[in-house]
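Structure below is coords_26.txt: compact mmCIF, N, CA and C atoms.
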```
# COMPACT_ATOMS: atom_id res chain seq x y z
N MET A 1 22.34 9.21 4.17
CA MET A 1 20.94 8.83 4.04
C MET A 1 20.69 7.57 4.88
N ASN A 2 19.64 7.62 5.71
CA ASN A 2 19.34 6.47 6.55
C ASN A 2 18.38 5.51 5.85
N ALA A 3 18.11 4.37 6.48
CA ALA A 3 17.27 3.32 5.88
C ALA A 3 15.85 3.82 5.61
N PHE A 4 15.32 4.66 6.51
CA PHE A 4 13.97 5.19 6.32
C PHE A 4 13.90 6.04 5.05
N ASP A 5 14.91 6.89 4.85
CA ASP A 5 14.95 7.74 3.65
C ASP A 5 15.07 6.91 2.38
N ILE A 6 15.84 5.85 2.43
CA ILE A 6 15.99 4.96 1.28
C ILE A 6 14.65 4.31 0.94
N CYS A 7 13.96 3.82 1.96
CA CYS A 7 12.64 3.19 1.75
C CYS A 7 11.63 4.18 1.19
N ARG A 8 11.66 5.42 1.68
CA ARG A 8 10.75 6.44 1.16
C ARG A 8 11.04 6.72 -0.32
N GLY A 9 12.32 6.67 -0.70
CA GLY A 9 12.69 6.86 -2.09
C GLY A 9 12.18 5.74 -2.98
N VAL A 10 12.27 4.50 -2.50
CA VAL A 10 11.75 3.35 -3.24
C VAL A 10 10.25 3.49 -3.42
N GLU A 11 9.56 3.86 -2.36
CA GLU A 11 8.11 4.04 -2.43
C GLU A 11 7.75 5.17 -3.40
N ALA A 12 8.48 6.26 -3.38
CA ALA A 12 8.20 7.38 -4.29
C ALA A 12 8.39 6.98 -5.74
N ARG A 13 9.45 6.23 -6.05
CA ARG A 13 9.67 5.75 -7.42
C ARG A 13 8.54 4.83 -7.86
N SER A 14 8.13 3.95 -6.97
CA SER A 14 7.05 3.02 -7.28
C SER A 14 5.74 3.76 -7.53
N LYS A 15 5.42 4.73 -6.71
CA LYS A 15 4.19 5.51 -6.89
C LYS A 15 4.20 6.23 -8.24
N GLU A 16 5.35 6.76 -8.62
CA GLU A 16 5.47 7.44 -9.91
C GLU A 16 5.21 6.49 -11.07
N ILE A 17 5.72 5.26 -10.96
CA ILE A 17 5.54 4.25 -12.00
C ILE A 17 4.08 3.79 -12.04
N LEU A 18 3.48 3.56 -10.88
CA LEU A 18 2.14 2.96 -10.81
C LEU A 18 0.98 3.94 -10.94
N SER A 19 1.20 5.20 -10.70
CA SER A 19 0.09 6.16 -10.75
C SER A 19 -0.67 6.13 -12.08
N PRO A 20 -0.01 6.07 -13.24
CA PRO A 20 -0.79 5.97 -14.49
C PRO A 20 -1.64 4.70 -14.56
N TRP A 21 -1.11 3.58 -14.08
CA TRP A 21 -1.87 2.32 -14.07
C TRP A 21 -3.08 2.43 -13.16
N ILE A 22 -2.89 3.00 -11.97
CA ILE A 22 -4.00 3.17 -11.03
C ILE A 22 -5.05 4.09 -11.64
N ARG A 23 -4.61 5.16 -12.25
CA ARG A 23 -5.53 6.11 -12.89
C ARG A 23 -6.41 5.42 -13.93
N ARG A 24 -5.81 4.51 -14.73
CA ARG A 24 -6.57 3.79 -15.77
C ARG A 24 -7.59 2.82 -15.18
N HIS A 25 -7.39 2.38 -13.95
CA HIS A 25 -8.25 1.35 -13.35
C HIS A 25 -9.19 1.90 -12.28
N THR A 26 -9.37 3.23 -12.26
CA THR A 26 -10.29 3.82 -11.30
C THR A 26 -11.36 4.61 -12.05
N ASP A 27 -12.46 4.87 -11.37
CA ASP A 27 -13.54 5.66 -11.96
C ASP A 27 -13.04 7.07 -12.25
N GLN A 28 -13.20 7.52 -13.46
CA GLN A 28 -12.77 8.84 -13.93
C GLN A 28 -11.29 9.12 -13.64
N GLY A 29 -10.50 8.08 -13.42
CA GLY A 29 -9.07 8.25 -13.19
C GLY A 29 -8.72 8.93 -11.89
N GLN A 30 -9.62 8.92 -10.94
CA GLN A 30 -9.38 9.62 -9.69
C GLN A 30 -9.01 8.67 -8.57
N PHE A 31 -7.98 9.06 -7.83
CA PHE A 31 -7.53 8.32 -6.66
C PHE A 31 -6.74 9.27 -5.78
N ALA A 32 -6.47 8.87 -4.56
CA ALA A 32 -5.70 9.72 -3.65
C ALA A 32 -4.76 8.87 -2.81
N TRP A 33 -3.52 9.32 -2.71
CA TRP A 33 -2.58 8.76 -1.74
C TRP A 33 -2.89 9.42 -0.41
N THR A 34 -2.84 8.68 0.68
CA THR A 34 -3.26 9.21 1.97
C THR A 34 -2.09 9.69 2.83
N ASP A 35 -0.96 10.01 2.21
CA ASP A 35 0.24 10.36 2.99
C ASP A 35 0.38 11.85 3.29
N LYS A 36 -0.61 12.65 2.92
CA LYS A 36 -0.53 14.08 3.20
C LYS A 36 -1.86 14.57 3.74
N GLY A 37 -1.79 15.62 4.56
CA GLY A 37 -3.00 16.24 5.07
C GLY A 37 -3.28 15.93 6.53
N ARG A 38 -4.26 16.61 7.05
CA ARG A 38 -4.61 16.54 8.47
C ARG A 38 -5.00 15.12 8.93
N LEU A 39 -5.66 14.37 8.07
CA LEU A 39 -6.14 13.04 8.45
C LEU A 39 -5.24 11.91 7.95
N SER A 40 -4.07 12.24 7.42
CA SER A 40 -3.22 11.22 6.81
C SER A 40 -2.81 10.13 7.80
N ARG A 41 -2.44 10.50 9.00
CA ARG A 41 -2.01 9.50 9.97
C ARG A 41 -3.15 8.53 10.31
N LEU A 42 -4.35 9.07 10.52
CA LEU A 42 -5.52 8.24 10.80
C LEU A 42 -5.79 7.27 9.65
N PHE A 43 -5.83 7.81 8.42
CA PHE A 43 -6.09 6.95 7.26
C PHE A 43 -5.02 5.87 7.12
N GLN A 44 -3.75 6.24 7.23
CA GLN A 44 -2.69 5.25 7.02
C GLN A 44 -2.65 4.20 8.11
N GLN A 45 -2.98 4.55 9.33
CA GLN A 45 -2.95 3.58 10.42
C GLN A 45 -4.21 2.72 10.48
N THR A 46 -5.28 3.18 9.83
CA THR A 46 -6.55 2.46 9.90
C THR A 46 -6.92 1.76 8.59
N TYR A 47 -6.73 2.46 7.47
CA TYR A 47 -7.25 1.96 6.19
C TYR A 47 -6.21 1.73 5.11
N GLY A 48 -5.04 2.34 5.21
CA GLY A 48 -4.01 2.14 4.20
C GLY A 48 -3.60 3.42 3.49
N ASP A 49 -2.89 3.25 2.39
CA ASP A 49 -2.20 4.33 1.70
C ASP A 49 -2.91 4.91 0.49
N LEU A 50 -3.95 4.25 0.03
CA LEU A 50 -4.54 4.60 -1.25
C LEU A 50 -6.06 4.53 -1.17
N ALA A 51 -6.74 5.60 -1.61
CA ALA A 51 -8.21 5.64 -1.66
C ALA A 51 -8.63 5.79 -3.12
N PHE A 52 -9.63 5.00 -3.53
CA PHE A 52 -10.07 5.08 -4.93
C PHE A 52 -11.48 4.52 -5.10
N ASN A 53 -12.10 4.92 -6.19
CA ASN A 53 -13.39 4.37 -6.60
C ASN A 53 -13.18 3.49 -7.82
N ARG A 54 -13.91 2.38 -7.85
CA ARG A 54 -13.87 1.49 -9.02
C ARG A 54 -15.26 0.90 -9.18
N LYS A 55 -15.81 1.08 -10.38
CA LYS A 55 -17.14 0.57 -10.70
C LYS A 55 -18.18 1.01 -9.67
N GLY A 56 -18.07 2.26 -9.24
CA GLY A 56 -19.04 2.84 -8.34
C GLY A 56 -18.85 2.54 -6.86
N ASP A 57 -17.87 1.71 -6.51
CA ASP A 57 -17.62 1.39 -5.11
C ASP A 57 -16.34 2.09 -4.63
N PHE A 58 -16.27 2.36 -3.33
CA PHE A 58 -15.12 3.01 -2.72
C PHE A 58 -14.24 1.97 -2.05
N PHE A 59 -12.93 2.07 -2.26
CA PHE A 59 -11.98 1.10 -1.72
C PHE A 59 -10.77 1.80 -1.10
N MET A 60 -10.14 1.08 -0.18
CA MET A 60 -8.88 1.51 0.42
C MET A 60 -7.85 0.42 0.18
N GLY A 61 -6.60 0.83 -0.06
CA GLY A 61 -5.55 -0.15 -0.31
C GLY A 61 -4.28 0.18 0.44
N GLU A 62 -3.62 -0.84 0.91
CA GLU A 62 -2.29 -0.70 1.50
C GLU A 62 -1.28 -0.88 0.37
N PHE A 63 -0.24 -0.07 0.38
CA PHE A 63 0.73 -0.04 -0.71
C PHE A 63 2.12 -0.36 -0.17
N LYS A 64 2.79 -1.33 -0.79
CA LYS A 64 4.16 -1.69 -0.43
C LYS A 64 5.00 -1.72 -1.70
N ALA A 65 6.26 -1.33 -1.56
CA ALA A 65 7.18 -1.34 -2.69
C ALA A 65 8.54 -1.84 -2.24
N GLU A 66 9.15 -2.66 -3.09
CA GLU A 66 10.50 -3.16 -2.83
C GLU A 66 11.31 -3.05 -4.11
N VAL A 67 12.61 -3.02 -3.95
CA VAL A 67 13.51 -2.89 -5.10
C VAL A 67 13.59 -4.20 -5.87
N ALA A 68 13.83 -5.31 -5.18
CA ALA A 68 14.10 -6.58 -5.85
C ALA A 68 12.98 -7.60 -5.62
N HIS A 69 12.56 -8.23 -6.71
CA HIS A 69 11.56 -9.29 -6.65
C HIS A 69 12.24 -10.56 -6.18
N THR A 70 11.82 -11.05 -5.02
CA THR A 70 12.43 -12.26 -4.44
C THR A 70 11.49 -13.46 -4.49
N GLY A 71 10.23 -13.22 -4.84
CA GLY A 71 9.23 -14.27 -4.78
C GLY A 71 8.54 -14.31 -3.43
N ASN A 72 8.93 -13.41 -2.54
CA ASN A 72 8.33 -13.34 -1.20
C ASN A 72 7.70 -11.98 -0.97
N LEU A 73 6.67 -11.96 -0.12
CA LEU A 73 6.06 -10.72 0.33
C LEU A 73 6.28 -10.61 1.83
N PHE A 74 6.55 -9.41 2.30
CA PHE A 74 6.70 -9.18 3.74
C PHE A 74 5.36 -8.74 4.28
N LEU A 75 4.74 -9.56 5.12
CA LEU A 75 3.44 -9.28 5.71
C LEU A 75 3.63 -9.11 7.21
N GLU A 76 3.61 -7.88 7.69
CA GLU A 76 3.97 -7.57 9.07
C GLU A 76 2.81 -7.81 10.03
N GLU A 77 2.86 -8.93 10.75
CA GLU A 77 1.84 -9.19 11.76
C GLU A 77 2.16 -8.46 13.06
N TRP A 78 3.44 -8.40 13.40
CA TRP A 78 3.87 -7.73 14.63
C TRP A 78 4.96 -6.73 14.31
N SER A 79 4.77 -5.52 14.78
CA SER A 79 5.80 -4.50 14.65
C SER A 79 6.83 -4.72 15.75
N ASN A 80 6.35 -5.06 16.93
CA ASN A 80 7.22 -5.41 18.06
C ASN A 80 6.41 -6.31 18.97
N LYS A 81 6.57 -7.61 18.80
CA LYS A 81 5.75 -8.57 19.56
C LYS A 81 6.02 -8.52 21.05
N SER A 82 7.26 -8.23 21.44
CA SER A 82 7.58 -8.21 22.87
C SER A 82 6.80 -7.12 23.61
N THR A 83 6.44 -6.05 22.91
CA THR A 83 5.64 -4.99 23.54
C THR A 83 4.18 -5.08 23.14
N GLY A 84 3.83 -6.05 22.31
CA GLY A 84 2.44 -6.22 21.87
C GLY A 84 2.03 -5.25 20.78
N ARG A 85 2.98 -4.62 20.13
CA ARG A 85 2.66 -3.66 19.06
C ARG A 85 2.36 -4.40 17.77
N GLU A 86 1.11 -4.34 17.36
CA GLU A 86 0.67 -5.04 16.16
C GLU A 86 1.21 -4.38 14.89
N GLY A 87 1.44 -5.21 13.88
CA GLY A 87 1.87 -4.72 12.58
C GLY A 87 0.68 -4.40 11.70
N TRP A 88 0.97 -3.90 10.51
CA TRP A 88 -0.09 -3.43 9.62
C TRP A 88 -1.04 -4.54 9.18
N MET A 89 -0.60 -5.79 9.14
CA MET A 89 -1.50 -6.89 8.76
C MET A 89 -2.62 -7.08 9.78
N ARG A 90 -2.36 -6.80 11.03
CA ARG A 90 -3.36 -6.97 12.09
C ARG A 90 -4.20 -5.70 12.30
N LYS A 91 -3.63 -4.54 12.01
CA LYS A 91 -4.31 -3.28 12.34
C LYS A 91 -5.20 -2.74 11.22
N LEU A 92 -4.81 -2.95 9.98
CA LEU A 92 -5.50 -2.28 8.88
C LEU A 92 -6.84 -2.91 8.52
N ASP A 93 -7.75 -2.05 8.09
CA ASP A 93 -9.04 -2.47 7.57
C ASP A 93 -9.10 -2.06 6.09
N ALA A 94 -8.12 -2.54 5.34
CA ALA A 94 -8.01 -2.20 3.91
C ALA A 94 -8.77 -3.23 3.07
N ASP A 95 -9.03 -2.86 1.83
CA ASP A 95 -9.68 -3.77 0.89
C ASP A 95 -8.67 -4.55 0.07
N PHE A 96 -7.55 -3.90 -0.27
CA PHE A 96 -6.54 -4.52 -1.14
C PHE A 96 -5.14 -4.26 -0.62
N LEU A 97 -4.24 -5.16 -0.96
CA LEU A 97 -2.81 -4.95 -0.77
C LEU A 97 -2.20 -4.83 -2.16
N PHE A 98 -1.54 -3.71 -2.42
CA PHE A 98 -0.80 -3.49 -3.67
C PHE A 98 0.67 -3.65 -3.33
N TYR A 99 1.34 -4.63 -3.94
CA TYR A 99 2.74 -4.92 -3.63
C TYR A 99 3.53 -4.86 -4.92
N HIS A 100 4.41 -3.87 -5.03
CA HIS A 100 5.13 -3.60 -6.28
C HIS A 100 6.63 -3.86 -6.12
N PHE A 101 7.21 -4.53 -7.13
CA PHE A 101 8.65 -4.77 -7.17
C PHE A 101 9.23 -4.00 -8.35
N LEU A 102 10.15 -3.09 -8.04
CA LEU A 102 10.68 -2.18 -9.06
C LEU A 102 11.51 -2.87 -10.13
N ASP A 103 12.38 -3.81 -9.76
CA ASP A 103 13.33 -4.35 -10.74
C ASP A 103 12.64 -5.07 -11.89
N LYS A 104 11.51 -5.74 -11.62
CA LYS A 104 10.79 -6.45 -12.68
C LYS A 104 9.48 -5.76 -13.03
N ASP A 105 9.19 -4.64 -12.37
CA ASP A 105 7.95 -3.91 -12.54
C ASP A 105 6.75 -4.87 -12.45
N VAL A 106 6.74 -5.64 -11.37
CA VAL A 106 5.67 -6.60 -11.10
C VAL A 106 4.80 -6.04 -9.99
N LEU A 107 3.50 -6.06 -10.20
CA LEU A 107 2.55 -5.60 -9.19
C LEU A 107 1.61 -6.74 -8.83
N TYR A 108 1.52 -7.03 -7.54
CA TYR A 108 0.55 -7.99 -7.04
C TYR A 108 -0.58 -7.19 -6.39
N VAL A 109 -1.82 -7.51 -6.73
CA VAL A 109 -2.98 -6.89 -6.10
C VAL A 109 -3.76 -8.02 -5.45
N LEU A 110 -3.82 -7.97 -4.13
CA LEU A 110 -4.43 -9.06 -3.36
C LEU A 110 -5.58 -8.54 -2.51
N SER A 111 -6.58 -9.37 -2.29
CA SER A 111 -7.67 -9.04 -1.39
C SER A 111 -7.12 -9.03 0.03
N PHE A 112 -7.17 -7.88 0.68
CA PHE A 112 -6.64 -7.79 2.04
C PHE A 112 -7.43 -8.64 3.03
N PRO A 113 -8.76 -8.63 3.02
CA PRO A 113 -9.50 -9.47 3.98
C PRO A 113 -9.19 -10.96 3.82
N ARG A 114 -8.94 -11.41 2.58
CA ARG A 114 -8.66 -12.84 2.37
C ARG A 114 -7.27 -13.23 2.86
N LEU A 115 -6.35 -12.25 2.96
CA LEU A 115 -5.03 -12.54 3.50
C LEU A 115 -5.14 -12.91 4.97
```

How does this structure look as structure tokens?
Amino acid sequence: MNAFDICRGVEARSKEILSPWIRRHTDQGQFAWTDKGRLSRLFQQTYGDLAFNRKGDFFMGEFKAEVAHTGNLFLEEWSNKSTGREGWMRKLDADFLFYHFLDKDVLYVLSFPRL
């Protein structure tokens, strides 16, 4: 198993844990992960991983998951600065950043524009 597969597993576990919480905090319990379907690449590269309604408004959120809570968040400004490839912090037009740590089951929800 390579590092990408390990990270996908961490993300899948986190989504399984958080989906009930997200459902409780959205209008009629409806939300969508943007990782599947014809437009998934566009949504993930432009707006983030999660689409939902709350109190009548529509929002997009970027979702990150890590195994161990270190007290730090990884905010990727550059994917590869030497080639000018911007990271998700510079490219996304999301409303929120959802950052989950599995070991302590801690979720940070931050305003993406304010970051």

As JSON: centre and edge lengths in Å, one decimal, of the axis-aligned box holding segment 1-9 of chain A with 3 Å per side:
```
{"center_x": 16.5, "center_y": 6.2, "center_z": 1.8, "size_x": 17.6, "size_y": 12.0, "size_z": 15.5}
```

Protein/DNA/RNA residues near (-0.1, 2.7, 1.3), cut 8 Å, only C-alpha atoms, as a list in words =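 Every polymer residue passing the test: Trp33, Thr34, Asp35, Gln44, Gly48, Asp49, Leu50, Gly61, Glu62, Phe63, Lys64 and Phe98 of chain A.
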
Can you tell me how far atom N of Pro113 of chain A sits from atom C of Leu42 of chain A, in Å to one decimal?
->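 Atom C of Leu42 of chain A lies at a distance of 17.5 Å from atom N of Pro113 of chain A.
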
Selected residue, from A:Trp88, A:Trp21, A:Phe59, A:Phe74, that lies nearest to Gln45 of chain A when counting all atoms listed in the file =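 Using all atoms listed in the file, Gln45 of chain A sits closest to A:Trp88.
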
List the neighbours of Glu16 of chain A out to 12 Å using only C-alpha atoms; skip same-chain residues closer than 3 positions along the sequence, and give me the result as a ChimeraX atom specification.
-> /A:9-13,19-23,33,65,100,102,105

Grab the atom CA of Met1 of chain A to atom N of Lys15 of chain A distance for me, in Å with one decimal place.
->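 We find that atom CA of Met1 of chain A and atom N of Lys15 of chain A lie 19.3 Å from each other.
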
Would you list the contacts of His69 of chain A as an MDAnalysis selection string, taking every protein, DNA or RNA residue within 6 Å and counting all atoms listed in the file, but skipping same-chain residues closer than 5 positions in sequence?
-> chainID A and resid 101:104

Identify which of the residues A:Arg54, A:Gly37, A:Asp27, A:Glu66 lies closest to Ser14 of chain A, counting only N, CA and C atoms when measuring atom-to-atom distances.
->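 For Ser14 of chain A, the nearest of the given residues is A:Glu66.
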
DSSP-assigned strand (DSSP E) members of chain A, reported as a count of residues only = 35

Would you mind telling me which residue in A:Ile6, A:Ala51, A:Met60, A:Leu73 lies nearest to Phe112 of chain A when using only C-alpha atoms?
->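 Looking only at the distances to Phe112 of chain A, the closest residue turns out to be A:Met60.
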
Å distance separating atom CA of Val109 of chain A from atom N of Leu97 of chain A, one decimal place |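 According to the coordinates, atom CA of Val109 of chain A and atom N of Leu97 of chain A are separated by 5.6 Å.
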
Near Asn53 of chain A, within 6.5 Å and counting all atoms listed in the file, which residues show up once chain neighbours fewer than 5 positions away are dropped, as a count of residues only?
-> 7

Generate the missing atoms of segment 7-20 of chain A up to N, CA, C and O atoms and report them as a tab-separated table (two decimals), in the coordinates of the input.
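Written out: out-v7.tsv:
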```tsv
chain	number	residue	atom	x	y	z
A	7	CYS	N	13.96	3.82	1.96
A	7	CYS	CA	12.64	3.19	1.75
A	7	CYS	C	11.63	4.18	1.19
A	7	CYS	O	10.84	3.83	0.31
A	8	ARG	N	11.66	5.42	1.68
A	8	ARG	CA	10.75	6.44	1.16
A	8	ARG	C	11.04	6.72	-0.32
A	8	ARG	O	10.14	6.96	-1.11
A	9	GLY	N	12.32	6.67	-0.70
A	9	GLY	CA	12.69	6.86	-2.09
A	9	GLY	C	12.18	5.74	-2.98
A	9	GLY	O	11.70	5.98	-4.10
A	10	VAL	N	12.27	4.50	-2.50
A	10	VAL	CA	11.75	3.35	-3.24
A	10	VAL	C	10.25	3.49	-3.42
A	10	VAL	O	9.71	3.29	-4.52
A	11	GLU	N	9.56	3.86	-2.36
A	11	GLU	CA	8.11	4.04	-2.43
A	11	GLU	C	7.75	5.17	-3.40
A	11	GLU	O	6.81	5.03	-4.19
A	12	ALA	N	8.48	6.26	-3.38
A	12	ALA	CA	8.20	7.38	-4.29
A	12	ALA	C	8.39	6.98	-5.74
A	12	ALA	O	7.56	7.34	-6.60
A	13	ARG	N	9.45	6.23	-6.05
A	13	ARG	CA	9.67	5.75	-7.42
A	13	ARG	C	8.54	4.83	-7.86
A	13	ARG	O	8.05	4.91	-8.99
A	14	SER	N	8.13	3.95	-6.97
A	14	SER	CA	7.05	3.02	-7.28
A	14	SER	C	5.74	3.76	-7.53
A	14	SER	O	5.01	3.45	-8.48
A	15	LYS	N	5.42	4.73	-6.71
A	15	LYS	CA	4.19	5.51	-6.89
A	15	LYS	C	4.20	6.23	-8.24
A	15	LYS	O	3.18	6.30	-8.92
A	16	GLU	N	5.35	6.76	-8.62
A	16	GLU	CA	5.47	7.44	-9.91
A	16	GLU	C	5.21	6.49	-11.07
A	16	GLU	O	4.52	6.82	-12.02
A	17	ILE	N	5.72	5.26	-10.96
A	17	ILE	CA	5.54	4.25	-12.00
A	17	ILE	C	4.08	3.79	-12.04
A	17	ILE	O	3.50	3.63	-13.12
A	18	LEU	N	3.48	3.56	-10.88
A	18	LEU	CA	2.14	2.96	-10.81
A	18	LEU	C	0.98	3.94	-10.94
A	18	LEU	O	-0.13	3.52	-11.29
A	19	SER	N	1.20	5.20	-10.70
A	19	SER	CA	0.09	6.16	-10.75
A	19	SER	C	-0.67	6.13	-12.08
A	19	SER	O	-1.91	6.13	-12.06
A	20	PRO	N	-0.01	6.07	-13.24
A	20	PRO	CA	-0.79	5.97	-14.49
A	20	PRO	C	-1.64	4.70	-14.56
A	20	PRO	O	-2.77	4.72	-15.05
```
